[in-house]
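Working notes, beginning with the structure itself.
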Amino acid sequence: MAKIVKKGVKGAAANFITRQQALNKLQISLADFRRLCILKGIYPREPKNKKKANKGSTAPSTFYYVKDIKYLLHEPLLMKFREYKAFAKKLNKVLHKGEYSAAKSLEENNKPVYTLDHIVKERYPSFVDALRDLDDALSMLYLFSMMPADNKIKADAVAECQKLIAEFQGYVMKSKSLRRVFFSIKGIYYQAEIKGQTITWVVPYQFSQDIPTDVDFRVMLTFLEFYRTLVGFVNFRLYNEINMTYPPKIDETGGFHLDEAMPVNNAKNDDEEENTADSIDEFKSTSAEDDENTVTLAKIQAASNATSDLQNLFKNQKFYLSRETPRYALEFMITSCGGQVSWDASVGVNPPFPESDETINYQITDRPVVSNRVLGRTYVQPQWVADCINACKIVKPSLYEPGCTLPPHLSPFVESKEGDYVPASGIDSEDEEEIAAIEEDKPKTKKRTAAEIEEEEVKEMSTVMMTNKQRKLYTKMQYGIQQKADEVAKLEKKKKALKSKK
């Protein structure tokens, strides 16, 4: 006879543990448990059958994996949390007695200090893993760098966030890794490509921030504590890989002196790489038809050429920023594409060149009317810079004249599929727009070719050979495709009506 298995020894009951059981096992408070889980990357789990996981009980509970809680038992931070609890008791005792000098010496000499270096190494075994998880970290650092310091958010944390994001921006500018920009209501979305990994983050606009009262800043500050350590590691590694001194020199206005730290040999190496890339022999494919999904040498070369074009988009171009424009955002975008930037003295000290410089090519302004224009200088609005980066080419500046209605600023992160409605960006040249309008107005011939007739017959034959289940599925698919096409046609009709009104 087989051995009888006891209830709760195997299955969901043995794999899951409730939060209260985990607290009893670790012998820590709920606040410390939450903090530890955030730092270690452990999250609640949802069992398939809550009743079985809770050993027959139907009471609402939060579940964790047993193996995760066992993993936390050996964490060195647990001992530090306990030491800090004992230190807080001693400090309270001394303060209640009124011995302030003893309390000061106790805080200076006996306060437990811990680091999160070992946790970063545990969670990210390779550098690429850390880059993949950098989106949320950068967004959080940019958010807290704009926050005012108070009793919840310390001034040291805000200053460190500002330093870390300035260092990361300096690397992106020097390596010219910026790929996409989008101005949204929430803030400015950036996307950079570092070591083949796309990193997207959002930067809030530079307005005075009101701290909300319904947000639990203890949880956010715990995330921030871990992200500060992570971004510090990433910045150090990125700067070392391009042979730059870390930390870089940053002045009071957030400017960089990266050219001093950059070795001269790198420029020569870049020129050599470009020459070798141009001298690569081209081999024609022997196959009759190339598959669209296959990666060929020509496609790799085209992608690398597009990247190099974007990196040198504003090369040998001088920009001047008017005082009403967002200086830091525009300086970051233009410098990342090889341009030179200056600004008004009221915005920041030590501008590279004055507004009266005759070599300035573009002046970015955000006013309806610009008086005292300089001949030979192009005046554009800030959106022009973002649209140029997204289009990977210099867009017509006449569409972005001060006071003009701007073309629609479309998100570069939306990837349209076959049959989707793609709105016109409005940044094409006038000749291209006229050609497109003529093509739309041309009457479509209803005469079908022999190939189209043969293709329809093959489709009909294939539907006849289908089973009932396959035919129902095929009908549903066709219904969905038709609905999508009708919606696109409706939007196109609406667009034509708006154009005719203009």
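In the structure tokens, the first chain shown is A, the next is B, and so on; residue numbers restart at 1 for each chain, and ligands run from 1 in the order shown.
Among the residues of segment 148-183 of chain A, backbone DSSP assigns strand (DSSP E or B) to Leu178, Arg179, Arg180, Val181, Phe182 and Phe183 of chain A.
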Residue selection dump (N, CA and C atoms) as an mmCIF file, in the first residue's frame:
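Output saved as result-v5.cif:
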data_model
loop_
_atom_site.group_PDB
_atom_site.id
_atom_site.type_symbol
_atom_site.label_atom_id
_atom_site.label_comp_id
_atom_site.auth_asym_id
_atom_site.auth_seq_id
_atom_site.Cartn_x
_atom_site.Cartn_y
_atom_site.Cartn_z
ATOM 1 N N LEU A 178 21.366 59.026 -29.072
ATOM 2 C CA LEU A 178 19.944 59.395 -29.110
ATOM 3 C C LEU A 178 19.329 58.989 -30.445
ATOM 4 N N ARG A 179 18.121 58.391 -30.403
ATOM 5 C CA ARG A 179 17.476 57.913 -31.627
ATOM 6 C C ARG A 179 16.099 58.548 -31.871
ATOM 7 N N ARG A 180 15.294 58.751 -30.818
ATOM 8 C CA ARG A 180 13.937 59.271 -30.999
ATOM 9 C C ARG A 180 13.596 60.252 -29.893
ATOM 10 N N VAL A 181 12.722 61.208 -30.228
ATOM 11 C CA VAL A 181 12.261 62.215 -29.267
ATOM 12 C C VAL A 181 10.778 62.449 -29.511
ATOM 13 N N PHE A 182 10.029 62.630 -28.421
ATOM 14 C CA PHE A 182 8.595 62.913 -28.569
ATOM 15 C C PHE A 182 8.145 63.834 -27.443
ATOM 16 N N PHE A 183 7.528 64.977 -27.830
ATOM 17 C CA PHE A 183 6.961 65.910 -26.847
ATOM 18 C C PHE A 183 5.529 65.491 -26.547
#
### Message
Show me, as a ChimeraX atom specification, the residues that have an atom within 10 Å of Ile211 of chain A when counting only C-alpha atoms, minus same-chain residues fewer than 3 positions from it.
### Response
/A:147-148,150,208,214-215,217
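Nearest-residue note for Leu78 of chain A: choosing from A:Gly170, A:Glu331, A:Arg373, A:Arg35, the minimum distance belongs to A:Arg35, counting only C-alpha atoms.
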### Message
Excluding Cys388 of chain A and its own-chain neighbours fewer than 3 positions away, which residues fall within 10 Å of it when counting only C-alpha atoms? Please give them as number ranges by chain.
### Response
A: 180-181, 310, 313-314, 383-385, 391-397, 427
### Query
Hey, what's within 12 Å of Phe16 of chain A if we count only C-alpha atoms and toss same-chain stuff fewer than 3 positions away? As a VMD selection string, please?
chain A and resid 8 to 13 19 21 to 22 44 to 55 61 to 70
Please produce a file of the residues just selected, as an mmCIF file, in the first residue's frame, where the atoms kept are C-alpha atoms.
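Full text of again_25.cif as output:
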data_model
loop_
_atom_site.group_PDB
_atom_site.id
_atom_site.type_symbol
_atom_site.label_atom_id
_atom_site.label_comp_id
_atom_site.auth_asym_id
_atom_site.auth_seq_id
_atom_site.Cartn_x
_atom_site.Cartn_y
_atom_site.Cartn_z
ATOM 1 C CA GLY A 8 -0.451 20.702 2.957
ATOM 2 C CA VAL A 9 2.851 18.889 2.271
ATOM 3 C CA LYS A 10 2.790 18.980 -1.547
ATOM 4 C CA GLY A 11 1.398 21.214 -4.280
ATOM 5 C CA ALA A 12 0.218 24.807 -3.892
ATOM 6 C CA ALA A 13 0.068 24.622 -0.074
ATOM 7 C CA ARG A 19 2.547 37.530 3.958
ATOM 8 C CA GLN A 21 3.610 33.789 7.757
ATOM 9 C CA ALA A 22 6.556 35.350 5.932
ATOM 10 C CA PRO A 44 3.564 38.848 -4.580
ATOM 11 C CA ARG A 45 2.310 35.874 -6.607
ATOM 12 C CA GLU A 46 -1.183 34.795 -7.597
ATOM 13 C CA PRO A 47 -1.803 31.050 -7.124
ATOM 14 C CA LYS A 48 -4.215 29.249 -9.443
ATOM 15 C CA ASN A 49 -6.296 28.036 -6.500
ATOM 16 C CA LYS A 50 -6.198 30.399 -3.502
ATOM 17 C CA LYS A 51 -8.106 28.014 -1.287
ATOM 18 C CA LYS A 52 -5.578 25.203 -1.785
ATOM 19 C CA ALA A 53 -2.630 27.604 -1.355
ATOM 20 C CA ASN A 54 -4.150 28.908 1.902
ATOM 21 C CA LYS A 55 -4.702 25.328 3.190
ATOM 22 C CA SER A 61 -4.339 36.927 1.684
ATOM 23 C CA THR A 62 -1.243 38.030 -0.174
ATOM 24 C CA PHE A 63 0.924 35.110 -1.286
ATOM 25 C CA TYR A 64 4.647 34.738 -1.943
ATOM 26 C CA TYR A 65 6.747 31.824 -3.107
ATOM 27 C CA VAL A 66 8.278 29.853 -0.231
ATOM 28 C CA LYS A 67 11.618 29.702 -2.065
ATOM 29 C CA ASP A 68 11.690 33.524 -2.270
ATOM 30 C CA ILE A 69 11.175 33.880 1.491
ATOM 31 C CA LYS A 70 13.876 31.259 2.168
#
### Message
Show me, as a PyMOL selection string, the residues that have an atom within 7 Å of Leu164 of chain A when counting only C-alpha atoms, minus same-chain residues fewer than 3 positions from it.
### Response
chain A and resi 160-161+167-168+231-232
Filtering to C-alpha atoms, could you give me those residues as a PDB file, in the first residue's frame?
ATOM      1  CA  GLU A 160      22.486  62.898  -6.342  1.00  0.00           C
ATOM      2  CA  CYS A 161      19.630  62.319  -8.834  1.00  0.00           C
ATOM      3  CA  GLU A 167      26.343  62.071 -16.178  1.00  0.00           C
ATOM      4  CA  PHE A 168      24.060  59.785 -18.208  1.00  0.00           C
ATOM      5  CA  VAL A 231      22.556  54.014 -12.405  1.00  0.00           C
ATOM      6  CA  GLY A 232      25.823  54.807 -10.621  1.00  0.00           C
TER       7      GLY A 232
END
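Here the question is which of A:Thr475, A:Ser342, A:Thr115, A:Ser336 gets nearest to Ala386 of chain A using only C-alpha atoms, and that residue is A:Ser336.
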### Task
Just list the residues in segment 6-147 of chain A DSSP gives helix (DSSP H, G or I) on the backbone, as a ChimeraX atom specification.
/A:12-15,19-26,30-40,50-53,66-73,76-97,100-110,117-123,127-132,134-145
